[in-house]
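Engineer: My file is entry_0.pdb. It has PDB, C-alpha atoms and all ligand atoms:
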```pdb
ATOM      1  CA  MET W1274      75.265 125.086  84.060
ATOM      2  CA  GLU W1275      73.762 124.679  87.512
ATOM      3  CA  THR W1276      75.899 125.912  90.394
ATOM      4  CA  ASN W1277      75.542 126.071  94.157
ATOM      5  CA  LYS W1278      75.916 129.798  94.090
ATOM      6  CA  GLY W1279      72.282 130.733  93.964
ATOM      7  CA  LEU W1280      71.606 134.419  94.004
ATOM      8  CA  ASP W1281      74.527 136.580  93.203
ATOM      9  CA  TYR W1282      74.411 138.331  96.557
ATOM     10  CA  SER W1283      77.049 140.839  95.519
ATOM     11  CA  THR W1284      74.432 143.551  94.912
ATOM     12  CA  LEU W1285      73.149 143.197  98.465
ATOM     13  CA  HIS W1286      76.668 142.833  99.857
ATOM     14  CA  LYS W1287      77.506 146.376  98.771
ATOM     15  CA  LEU W1288      76.204 147.750 102.048
ATOM     16  CA  ASP W1289      77.137 151.349 101.413
ATOM     17  CA  SER W1290      75.308 151.797  98.121
ATOM     18  CA  PRO W1291      72.537 154.422  98.340
ATOM     19  CA  ALA W1292      69.705 151.906  97.774
ATOM     20  CA  ASN W1293      71.099 149.376 100.251
ATOM     21  CA  GLN W1294      71.519 152.121 102.839
ATOM     22  CA  LEU W1295      67.827 153.013 102.441
ATOM     23  CA  ILE W1296      66.736 149.359 102.573
ATOM     24  CA  ARG W1297      68.855 148.592 105.641
ATOM     25  CA  LYS W1298      67.773 151.722 107.493
ATOM     26  CA  SER W1299      64.088 150.969 107.008
ATOM     27  CA  ILE W1300      64.408 147.296 107.978
ATOM     28  CA  TRP W1301      66.816 147.490 110.897
ATOM     29  CA  GLY W1302      67.570 151.078 111.924
ATOM     30  CA  ASP W1303      69.821 150.815 114.970
ATOM     31  CA  GLN W1304      69.543 147.002 114.877
ATOM     32  CA  ASP W1305      71.770 146.867 111.795
ATOM     33  CA  ILE W1306      74.770 144.678 112.610
ATOM     34  CA  GLY W1307      75.688 143.848 109.015
ATOM     35  CA  GLN W1308      73.194 141.001 108.660
ATOM     36  CA  GLN W1309      71.771 139.969 105.286
ATOM     37  CA  SER W1310      68.873 137.865 106.365
ATOM     38  CA  PHE W1311      65.661 137.866 108.399
ATOM     39  CA  ILE W1312      67.394 138.330 111.743
ATOM     40  CA  THR W1313      67.975 140.965 114.375
ATOM     41  CA  PRO W1314      70.637 140.791 117.104
ATOM     42  CA  TRP W1315      68.014 139.142 119.341
ATOM     43  CA  TYR W1316      68.226 135.927 117.258
ATOM     44  CA  LEU W1317      71.969 135.800 117.781
ATOM     45  CA  ASP W1318      71.577 136.315 121.538
ATOM     46  CA  GLU W1319      69.156 133.373 121.494
ATOM     47  CA  LEU W1320      71.608 131.315 119.457
ATOM     48  CA  ILE W1321      74.451 132.100 121.860
ATOM     49  CA  ARG W1322      72.276 131.196 124.854
ATOM     50  CA  LYS W1323      70.911 127.977 123.370
ATOM     51  CA  THR W1324      74.273 126.669 122.131
ATOM     52  CA  GLY W1325      76.326 127.941 125.088
ATOM     53  CA  ILE W1326      79.086 129.561 122.992
ATOM     54  CA  LYS W1327      82.091 130.396 125.168
ATOM     55  CA  ARG W1328      85.529 131.883 124.673
ATOM     56  CA  ASP W1329      87.047 128.491 123.858
ATOM     57  CA  THR W1330      84.337 127.459 121.353
ATOM     58  CA  TYR W1331      85.532 127.263 117.745
ATOM     59  CA  VAL W1332      82.576 128.176 115.505
ATOM     60  CA  LEU W1333      82.006 127.722 111.761
ATOM     61  CA  ASP W1334      79.509 130.149 110.171
ATOM     62  CA  ILE W1335      78.222 128.696 106.892
ATOM     63  CA  GLY W1336      77.196 131.396 104.406
ATOM     64  CA  SER W1337      78.635 134.173 106.562
ATOM     65  CA  GLY W1338      77.636 136.979 104.169
ATOM     66  CA  VAL W1339      79.340 140.260 104.986
ATOM     67  CA  GLY W1340      80.312 138.902 108.379
ATOM     68  CA  GLY W1341      78.032 140.941 110.656
ATOM     69  CA  PRO W1342      76.557 137.975 112.578
ATOM     70  CA  ALA W1343      79.964 136.265 113.042
ATOM     71  CA  ILE W1344      81.527 139.452 114.365
ATOM     72  CA  TYR W1345      78.572 140.093 116.676
ATOM     73  CA  ILE W1346      78.906 136.586 118.145
ATOM     74  CA  ALA W1347      82.683 136.936 118.578
ATOM     75  CA  GLU W1348      82.279 140.321 120.256
ATOM     76  CA  LYS W1349      79.645 138.974 122.642
ATOM     77  CA  THR W1350      81.388 135.717 123.590
ATOM     78  CA  GLY W1351      85.083 136.088 122.760
ATOM     79  CA  CYS W1352      84.876 132.858 120.728
ATOM     80  CA  ARG W1353      86.938 132.051 117.648
ATOM     81  CA  ILE W1354      84.864 131.955 114.495
ATOM     82  CA  MET W1355      85.480 131.005 110.863
ATOM     83  CA  GLY W1356      83.039 132.195 108.211
ATOM     84  CA  ILE W1357      82.748 130.575 104.796
ATOM     85  CA  ASP W1358      80.963 132.272 101.914
ATOM     86  CA  ILE W1359      80.980 131.845  98.156
ATOM     87  CA  SER W1360      80.712 135.582  97.400
ATOM     88  CA  ASP W1361      83.994 137.431  96.986
ATOM     89  CA  VAL W1362      82.249 140.787  97.565
ATOM     90  CA  GLY W1363      80.795 139.447 100.835
ATOM     91  CA  VAL W1364      84.055 137.942 102.069
ATOM     92  CA  GLU W1365      86.028 141.058 101.235
ATOM     93  CA  ARG W1366      83.563 143.185 103.161
ATOM     94  CA  ALA W1367      83.554 140.731 106.058
ATOM     95  CA  ARG W1368      87.348 140.852 106.323
ATOM     96  CA  LYS W1369      87.167 144.660 106.379
ATOM     97  CA  PHE W1370      84.549 144.525 109.162
ATOM     98  CA  ALA W1371      86.741 142.171 111.199
ATOM     99  CA  LYS W1372      89.733 144.453 110.814
ATOM    100  CA  GLU W1373      87.713 147.522 111.823
ATOM    101  CA  SER W1374      86.401 145.726 114.890
ATOM    102  CA  SER W1375      89.973 144.664 115.826
ATOM    103  CA  LEU W1376      88.812 141.050 115.966
ATOM    104  CA  SER W1377      91.085 139.851 113.171
ATOM    105  CA  ASP W1378      92.784 137.392 115.534
ATOM    106  CA  ARG W1379      89.438 135.739 116.487
ATOM    107  CA  VAL W1380      87.412 136.002 113.271
ATOM    108  CA  THR W1381      88.493 134.692 109.847
ATOM    109  CA  PHE W1382      86.583 134.556 106.576
ATOM    110  CA  HIS W1383      87.196 131.948 103.913
ATOM    111  CA  LEU W1384      86.097 132.421 100.311
ATOM    112  CA  GLY W1385      84.696 129.082  99.183
ATOM    113  CA  ASP W1386      81.796 126.727  98.570
ATOM    114  CA  ALA W1387      80.285 125.092 101.643
ATOM    115  CA  MET W1388      79.506 122.044  99.482
ATOM    116  CA  GLU W1389      83.251 121.467  99.361
ATOM    117  CA  MET W1390      84.393 122.255 102.881
ATOM    118  CA  PRO W1391      88.096 123.064 102.802
ATOM    119  CA  PHE W1392      88.618 122.333 106.522
ATOM    120  CA  PRO W1393      90.088 119.156 108.080
ATOM    121  CA  ASP W1394      87.737 116.651 109.725
ATOM    122  CA  SER W1395      86.798 117.334 113.371
ATOM    123  CA  THR W1396      87.844 120.995 113.366
ATOM    124  CA  PHE W1397      84.873 122.870 114.894
ATOM    125  CA  ASP W1398      82.903 122.651 118.146
ATOM    126  CA  LEU W1399      79.872 124.349 116.636
ATOM    127  CA  ALA W1400      78.587 125.072 113.136
ATOM    128  CA  ILE W1401      75.938 127.732 112.563
ATOM    129  CA  SER W1402      74.089 128.855 109.467
ATOM    130  CA  ILE W1403      71.681 131.765 109.256
ATOM    131  CA  ASN W1404      69.085 131.893 106.474
ATOM    132  CA  VAL W1405      71.280 130.273 103.848
ATOM    133  CA  MET W1406      69.792 126.802 103.308
ATOM    134  CA  ASN W1407      67.509 127.688 100.390
ATOM    135  CA  VAL W1408      70.504 127.929  98.077
ATOM    136  CA  PHE W1409      71.475 124.279  98.596
ATOM    137  CA  LYS W1410      69.812 121.717  96.382
ATOM    138  CA  ASP W1411      71.618 118.763  97.950
ATOM    139  CA  LYS W1412      70.969 119.422 101.628
ATOM    140  CA  ILE W1413      72.030 115.956 102.765
ATOM    141  CA  GLY W1414      75.317 116.472 100.905
ATOM    142  CA  LEU W1415      75.807 119.783 102.706
ATOM    143  CA  PHE W1416      74.944 118.279 106.111
ATOM    144  CA  GLN W1417      77.475 115.497 105.460
ATOM    145  CA  GLN W1418      80.104 118.142 104.825
ATOM    146  CA  VAL W1419      79.143 119.878 108.068
ATOM    147  CA  ILE W1420      79.201 116.700 110.151
ATOM    148  CA  SER W1421      82.687 115.874 108.870
ATOM    149  CA  VAL W1422      84.214 119.157 109.966
ATOM    150  CA  LEU W1423      82.515 119.066 113.391
ATOM    151  CA  LYS W1424      84.260 117.438 116.323
ATOM    152  CA  PRO W1425      82.496 114.422 117.907
ATOM    153  CA  ASN W1426      79.551 115.735 119.955
ATOM    154  CA  GLY W1427      79.828 119.019 118.044
ATOM    155  CA  ILE W1428      76.639 121.022 117.573
ATOM    156  CA  PHE W1429      75.011 122.252 114.363
ATOM    157  CA  ALA W1430      72.558 125.145 114.760
ATOM    158  CA  LEU W1431      70.868 126.106 111.540
ATOM    159  CA  LEU W1432      68.243 128.786 111.162
ATOM    160  CA  SER W1433      66.275 128.499 107.980
ATOM    161  CA  GLY W1434      63.072 129.528 106.324
ATOM    162  CA  THR W1435      60.804 126.486 106.029
ATOM    163  CA  ILE W1436      58.055 126.223 103.456
ATOM    164  CA  ASP W1437      55.329 123.722 102.833
ATOM    165  CA  MET W1438      55.086 124.809  99.214
ATOM    166  CA  PRO W1439      51.627 124.589  97.626
ATOM    167  CA  ASP W1440      51.392 122.736  94.348
ATOM    168  CA  ASP W1441      50.837 125.982  92.450
ATOM    169  CA  PRO W1442      53.230 126.907  89.616
ATOM    170  CA  GLU W1443      52.558 130.629  90.049
ATOM    171  CA  ILE W1444      53.493 130.604  93.734
ATOM    172  CA  ILE W1445      56.554 128.449  93.068
ATOM    173  CA  GLU W1446      57.663 130.886  90.370
ATOM    174  CA  ASN W1447      56.991 133.922  92.559
ATOM    175  CA  MET W1448      59.078 132.421  95.340
ATOM    176  CA  ALA W1449      61.945 131.763  92.956
ATOM    177  CA  ARG W1450      61.721 135.249  91.546
ATOM    178  CA  GLY W1451      63.059 137.227  94.471
ATOM    179  CA  TYR W1452      66.417 135.729  93.725
ATOM    180  CA  LEU W1453      66.033 135.142  89.995
ATOM    181  CA  ILE W1454      67.127 131.536  90.510
ATOM    182  CA  PRO W1455      65.593 128.264  91.698
ATOM    183  CA  GLN W1456      65.281 128.200  95.468
ATOM    184  CA  TYR W1457      65.393 124.853  97.198
ATOM    185  CA  TYR W1458      62.895 125.243 100.011
ATOM    186  CA  ASP W1459      62.097 122.460 102.420
ATOM    187  CA  THR W1460      59.603 121.667 105.148
ATOM    188  CA  VAL W1461      60.319 121.279 108.862
ATOM    189  CA  ASP W1462      60.017 117.506 108.512
ATOM    190  CA  GLY W1463      62.217 117.596 105.407
ATOM    191  CA  TYR W1464      65.002 119.312 107.345
ATOM    192  CA  LYS W1465      64.646 116.924 110.262
ATOM    193  CA  SER W1466      64.834 113.813 108.123
ATOM    194  CA  LYS W1467      67.782 115.132 106.084
ATOM    195  CA  LEU W1468      69.720 116.070 109.218
ATOM    196  CA  LYS W1469      69.102 112.561 110.569
ATOM    197  CA  GLU W1470      70.087 110.958 107.289
ATOM    198  CA  ALA W1471      73.399 112.811 107.378
ATOM    199  CA  GLY W1472      74.018 111.370 110.855
ATOM    200  CA  PHE W1473      72.881 114.163 113.202
ATOM    201  CA  ARG W1474      70.770 113.670 116.330
ATOM    202  CA  ILE W1475      68.166 116.420 116.627
ATOM    203  CA  LEU W1476      68.128 118.145 120.014
ATOM    204  CA  GLU W1477      65.698 121.020 119.581
ATOM    205  CA  VAL W1478      63.556 122.728 116.956
ATOM    206  CA  THR W1479      62.265 126.269 117.579
ATOM    207  CA  GLU W1480      59.843 128.171 115.406
ATOM    208  CA  TYR W1481      60.075 131.951 115.075
ATOM    209  CA  VAL W1482      57.031 132.686 112.980
ATOM    210  CA  GLU W1483      55.664 135.891 114.559
ATOM    211  CA  ASP W1484      58.890 137.809 114.293
ATOM    212  CA  PHE W1485      59.659 136.224 110.936
ATOM    213  CA  ARG W1486      56.451 137.773 109.615
ATOM    214  CA  ILE W1487      57.556 141.181 110.884
ATOM    215  CA  GLN W1488      60.997 140.820 109.261
ATOM    216  CA  ASN W1489      59.477 139.672 106.004
ATOM    217  CA  LYS W1490      57.040 142.562 105.898
ATOM    218  CA  LEU W1491      59.826 145.042 106.676
ATOM    219  CA  TRP W1492      61.808 143.754 103.674
ATOM    220  CA  GLY W1493      58.797 144.048 101.344
ATOM    221  CA  ASP W1494      57.859 147.489 102.687
ATOM    222  CA  ALA W1495      61.430 148.695 102.203
ATOM    223  CA  TYR W1496      61.359 147.692  98.529
ATOM    224  CA  LYS W1497      58.027 149.477  98.051
ATOM    225  CA  LYS W1498      58.975 152.591  99.997
ATOM    226  CA  HIS W1499      62.286 153.105  98.209
ATOM    227  CA  TYR W1500      61.173 151.721  94.857
ATOM    228  CA  ASP W1501      62.672 154.430  92.648
ATOM    229  CA  ALA W1502      66.063 154.413  94.346
ATOM    230  CA  ILE W1503      66.227 150.604  94.217
ATOM    231  CA  VAL W1504      65.173 150.486  90.560
ATOM    232  CA  LYS W1505      67.932 152.956  89.761
ATOM    233  CA  GLU W1506      70.514 150.693  91.327
ATOM    234  CA  GLN W1507      69.174 147.159  90.894
ATOM    235  CA  GLY W1508      66.959 147.511  87.810
ATOM    236  CA  LYS W1509      63.179 147.408  87.476
ATOM    237  CA  GLU W1510      62.867 143.685  86.824
ATOM    238  CA  ASN W1511      64.864 142.694  89.894
ATOM    239  CA  THR W1512      63.039 145.213  92.105
ATOM    240  CA  ASP W1513      59.594 144.083  90.897
ATOM    241  CA  TYR W1514      60.546 140.440  91.434
ATOM    242  CA  HIS W1515      61.569 141.158  94.999
ATOM    243  CA  ILE W1516      58.244 142.848  95.729
ATOM    244  CA  ILE W1517      56.323 139.890  94.303
ATOM    245  CA  TYR W1518      58.560 137.529  96.257
ATOM    246  CA  PHE W1519      58.040 139.240  99.628
ATOM    247  CA  ASP W1520      54.274 139.599  99.047
ATOM    248  CA  THR W1521      53.990 135.899  98.204
ATOM    249  CA  TYR W1522      56.164 134.947 101.191
ATOM    250  CA  LEU W1523      53.908 136.968 103.505
ATOM    251  CA  ARG W1524      50.874 135.201 102.103
ATOM    252  CA  LEU W1525      52.466 131.801 102.755
ATOM    253  CA  ILE W1526      53.303 132.845 106.322
ATOM    254  CA  ASP W1527      49.700 133.946 106.881
ATOM    255  CA  GLU W1528      48.462 130.637 105.491
ATOM    256  CA  GLY W1529      50.651 128.802 108.001
ATOM    257  CA  ARG W1530      52.821 127.364 105.219
ATOM    258  CA  ALA W1531      56.010 129.324 105.859
ATOM    259  CA  GLY W1532      58.082 129.980 108.970
ATOM    260  CA  ASN W1533      61.638 130.342 110.204
ATOM    261  CA  HIS W1534      63.032 127.470 112.260
ATOM    262  CA  LEU W1535      66.148 126.962 114.328
ATOM    263  CA  PHE W1536      67.260 123.316 114.221
ATOM    264  CA  ILE W1537      69.840 122.363 116.817
ATOM    265  CA  SER W1538      71.420 118.963 116.344
ATOM    266  CA  ARG W1539      74.453 117.045 117.555
ATOM    267  CA  LYS W1540      77.062 114.912 115.874
ATOM    268  CA  PRO W1541      77.159 111.623 117.804
ATOM    269  CA  GLY W1542      80.358 110.961 119.734
ATOM    270  CA  ASN W1543      80.863 107.657 117.905
ATOM    271  CA  PHE W1544      80.206 109.029 114.402
ATOM    272  CA  LYS W1545      82.590 107.531 111.847
ATOM    273  CA  ASN W1546      84.257 110.697 110.725
ATOM    274  CA  SER W1547      85.557 110.155 107.261
ATOM    275  CA  LYS W1548      84.696 112.137 104.158
ATOM    276  CA  GLU W1549      85.397 108.964 102.123
ATOM    277  CA  THR W1550      82.237 107.443 103.589
ATOM    278  CA  HIS W1551      80.195 110.154 101.859
ATOM    279  CA  PRO W1552      79.896 109.493  98.155
TER     280      PRO W1552
HETATM  281  C1  LIG S1601      70.810 135.358 102.846
HETATM  282  S1  LIG S1601      72.536 135.508 102.886
HETATM  283  C2  LIG S1601      72.855 135.246 104.631
HETATM  284  C3  LIG S1601      74.161 135.802 105.093
HETATM  285  C4  LIG S1601      74.429 135.697 106.603
HETATM  286  N1  LIG S1601      74.232 134.377 107.123
HETATM  287  C5  LIG S1601      73.593 136.678 107.381
HETATM  288  O1  LIG S1601      72.665 136.261 108.093
HETATM  289  O2  LIG S1601      73.886 137.863 107.310
HETATM  290  C6  LIG S1601      73.079 133.948 102.164
HETATM  291  C7  LIG S1601      74.589 133.831 101.968
HETATM  292  O3  LIG S1601      74.910 132.505 101.507
HETATM  293  C8  LIG S1601      76.020 132.617 100.620
HETATM  294  N2  LIG S1601      76.118 131.383  99.818
HETATM  295  C9  LIG S1601      75.338 131.006  98.785
HETATM  296  N3  LIG S1601      75.751 129.812  98.308
HETATM  297  C10 LIG S1601      76.824 129.420  99.063
HETATM  298  C11 LIG S1601      77.686 128.278  99.065
HETATM  299  N4  LIG S1601      77.528 127.283  98.183
HETATM  300  N5  LIG S1601      78.671 128.217  99.988
HETATM  301  C12 LIG S1601      78.857 129.236 100.881
HETATM  302  N6  LIG S1601      78.057 130.330 100.932
HETATM  303  C13 LIG S1601      77.061 130.429 100.041
HETATM  304  C14 LIG S1601      75.713 133.880  99.833
HETATM  305  O4  LIG S1601      76.842 134.390  99.160
HETATM  306  C15 LIG S1601      75.176 134.788 100.944
HETATM  307  O5  LIG S1601      76.196 135.538 101.537
END
```
I'd like the structure from this file rewritten - as structure tokens, please.
Ligand SMILES: C[S@@+](CC[C@H](N)C(=O)[O-])C[C@H]1O[C@@H](n2cnc3c(N)ncnc32)[C@H](O)[C@@H]1O

Structural biologist:
Amino acid sequence: METNKGLDYSTLHKLDSPANQLIRKSIWGDQDIGQQSFITPWYLDELIRKTGIKRDTYVLDIGSGVGGPAIYIAEKTGCRIMGIDISDVGVERARKFAKESSLSDRVTFHLGDAMEMPFPDSTFDLAISINVMNVFKDKIGLFQQVISVLKPNGIFALLSGTIDMPDDPEIIENMARGYLIPQYYDTVDGYKSKLKEAGFRILEVTEYVEDFRIQNKLWGDAYKKHYDAIVKEQGKENTDYHIIYFDTYLRLIDEGRAGNHLFISRKPGNFKNSKETHP
């Protein structure tokens, strides 16, 4: 049966495992804030600056992982933030992080599926999502969920890998392999039109391709450098798939077919905010 879950991220969410420690150290070193994506703290500083998060902003983080980015944003701005993630291992770890950082009163993590938002309409000032979109097949459906839980004039800032996928079965398979599941990539124009179709007005689109290439290469290099330790923990098949995946991704970046884009859009003030309107 097809689910929204995508990769079982629980292996990666176990941050303290020996292989994950090696991977994280070689990718991020002292830039490790508990992220599980292609970002460094710099991206979050950019996000904070571009969206103007303040102490009284109520933020929803869609696919919050182990909570590192949400906690970083709350620490930097004093905002209130709710993370939602479908992985129990991730949410458990995120709650532990929040407790350790003594931000439990500002940061909350909900275990659930973002395709079925459990929050009342018009709850949040800002929704963010960091490198999560590939797991959603029905992106318009997801964006409709997001627009419902945003307040009128609320902002949605989503950072996502974008791919203009070549019509080549081998490349498509290689790109699915890293996660052992189908990945639902989209182009920049695809994201823009789907955001609009869900009712958003697009304010700004920023491409981060140079740094994205660096992040991507660091991930692939980490898998190669610590191959034996990763195989021991994650199995040979999974480790080999990841290497093929990152190599193929790098090739697509170099061919100008893949990038990482931040889409900032706004829910119109007069948007008819009812989940019943979304079939
Ligand atoms: C690549 S990780 C990114 C995590 C986090 N945004 C970060 O940057 O550290 C993708 C996350 O999306 C979560 N996810 C996948 N499907 C989901 C769904 N349907 N609803 C909520 N979260 C989901 C995964 O469990 C995983 O934690």

Engineer: Taking (85.9, 128.5, 98.4) as a centre in this file's frame and 12 Å as the limit, can you find every polymer residue with an atom that close, using all atoms listed in the file, and give them as a PyMOL selection string?

Structural biologist: chain W and resi 1277-1278+1335-1336+1356-1361+1364+1382-1392

Engineer: Hey, which of W:Ser1337, W:Asn1447, W:Thr1313, W:Gln1418 ends up closest to Asp1520 of chain W? Count only C-alpha atoms.

Structural biologist: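 Under the stated criterion, the closest residue is W:Asn1447.
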
Engineer: Quick one: 6 Å padding each side, axis-aligned, all listed atoms of ligand LIG 1601 (chain S) - centre and edge lengths in Å to one decimal, as lines of an AutoDock Vina configuration file?

Structural biologist:
```
center_x = 74.8
center_y = 132.6
center_z = 103.1
size_x = 20.0
size_y = 22.6
size_z = 21.9
```

Engineer: So that I can see what lies close to segment 1394-1396 of chain W, please list as number ranges by chain the residues with an atom at most 10 Å from it, counting all atoms listed in the file and leaving out residues fewer than 2 positions away in the same chain.

Structural biologist: W: 1331-1333, 1390-1392, 1398-1399, 1418-1427, 1546-1548

Engineer: For a test of reading the model, state the distance in Å between atom CA of Asn1404 of chain W and atom CA of Ser1375 of chain W, rounded to one decimal.

Structural biologist: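 Those two atoms sit 26.2 Å apart.
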
Engineer: Rounded to one decimal in Å, what is the spacing between atom CA of Lys1498 of chain W and atom CA of His1534 of chain W?

Structural biologist: 28.2 Å

Engineer: Is it possible to add N, CA and C atoms to segment 1365-1384 of chain W and hand it back as a tab-separated table (two decimals), in the coordinates of the input?

Structural biologist:
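Final file, result-v8.tsv:
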```tsv
chain	number	residue	atom	x	y	z
W	1365	GLU	N	85.16	139.88	101.16
W	1365	GLU	CA	86.03	141.06	101.24
W	1365	GLU	C	85.50	142.05	102.27
W	1366	ARG	N	84.20	142.25	102.22
W	1366	ARG	CA	83.56	143.18	103.16
W	1366	ARG	C	83.67	142.65	104.61
W	1367	ALA	N	83.48	141.35	104.72
W	1367	ALA	CA	83.55	140.73	106.06
W	1367	ALA	C	84.96	140.89	106.66
W	1368	ARG	N	85.96	140.70	105.82
W	1368	ARG	CA	87.35	140.85	106.32
W	1368	ARG	C	87.60	142.30	106.76
W	1369	LYS	N	87.02	143.24	106.03
W	1369	LYS	CA	87.17	144.66	106.38
W	1369	LYS	C	86.49	144.93	107.73
W	1370	PHE	N	85.29	144.38	107.89
W	1370	PHE	CA	84.55	144.52	109.16
W	1370	PHE	C	85.38	143.99	110.34
W	1371	ALA	N	85.97	142.82	110.12
W	1371	ALA	CA	86.74	142.17	111.20
W	1371	ALA	C	87.92	143.05	111.58
W	1372	LYS	N	88.57	143.60	110.57
W	1372	LYS	CA	89.73	144.45	110.81
W	1372	LYS	C	89.32	145.69	111.60
W	1373	GLU	N	88.21	146.30	111.16
W	1373	GLU	CA	87.71	147.52	111.82
W	1373	GLU	C	87.34	147.25	113.28
W	1374	SER	N	86.84	146.03	113.53
W	1374	SER	CA	86.40	145.73	114.89
W	1374	SER	C	87.56	145.20	115.74
W	1375	SER	N	88.76	145.19	115.18
W	1375	SER	CA	89.97	144.66	115.83
W	1375	SER	C	89.80	143.24	116.35
W	1376	LEU	N	89.01	142.45	115.59
W	1376	LEU	CA	88.81	141.05	115.97
W	1376	LEU	C	89.52	140.11	114.99
W	1377	SER	N	90.46	140.65	114.23
W	1377	SER	CA	91.08	139.85	113.17
W	1377	SER	C	91.74	138.58	113.71
W	1378	ASP	N	92.14	138.60	114.99
W	1378	ASP	CA	92.78	137.39	115.53
W	1378	ASP	C	91.75	136.32	115.93
W	1379	ARG	N	90.47	136.70	116.07
W	1379	ARG	CA	89.44	135.74	116.49
W	1379	ARG	C	88.52	135.34	115.33
W	1380	VAL	N	88.40	136.22	114.34
W	1380	VAL	CA	87.41	136.00	113.27
W	1380	VAL	C	88.11	135.95	111.91
W	1381	THR	N	87.86	134.88	111.16
W	1381	THR	CA	88.49	134.69	109.85
W	1381	THR	C	87.40	134.39	108.83
W	1382	PHE	N	87.58	134.85	107.61
W	1382	PHE	CA	86.58	134.56	106.58
W	1382	PHE	C	87.26	133.86	105.40
W	1383	HIS	N	86.65	132.74	105.01
W	1383	HIS	CA	87.20	131.95	103.91
W	1383	HIS	C	86.28	132.08	102.70
W	1384	LEU	N	86.88	132.36	101.55
W	1384	LEU	CA	86.10	132.42	100.31
W	1384	LEU	C	86.02	131.02	99.73
```
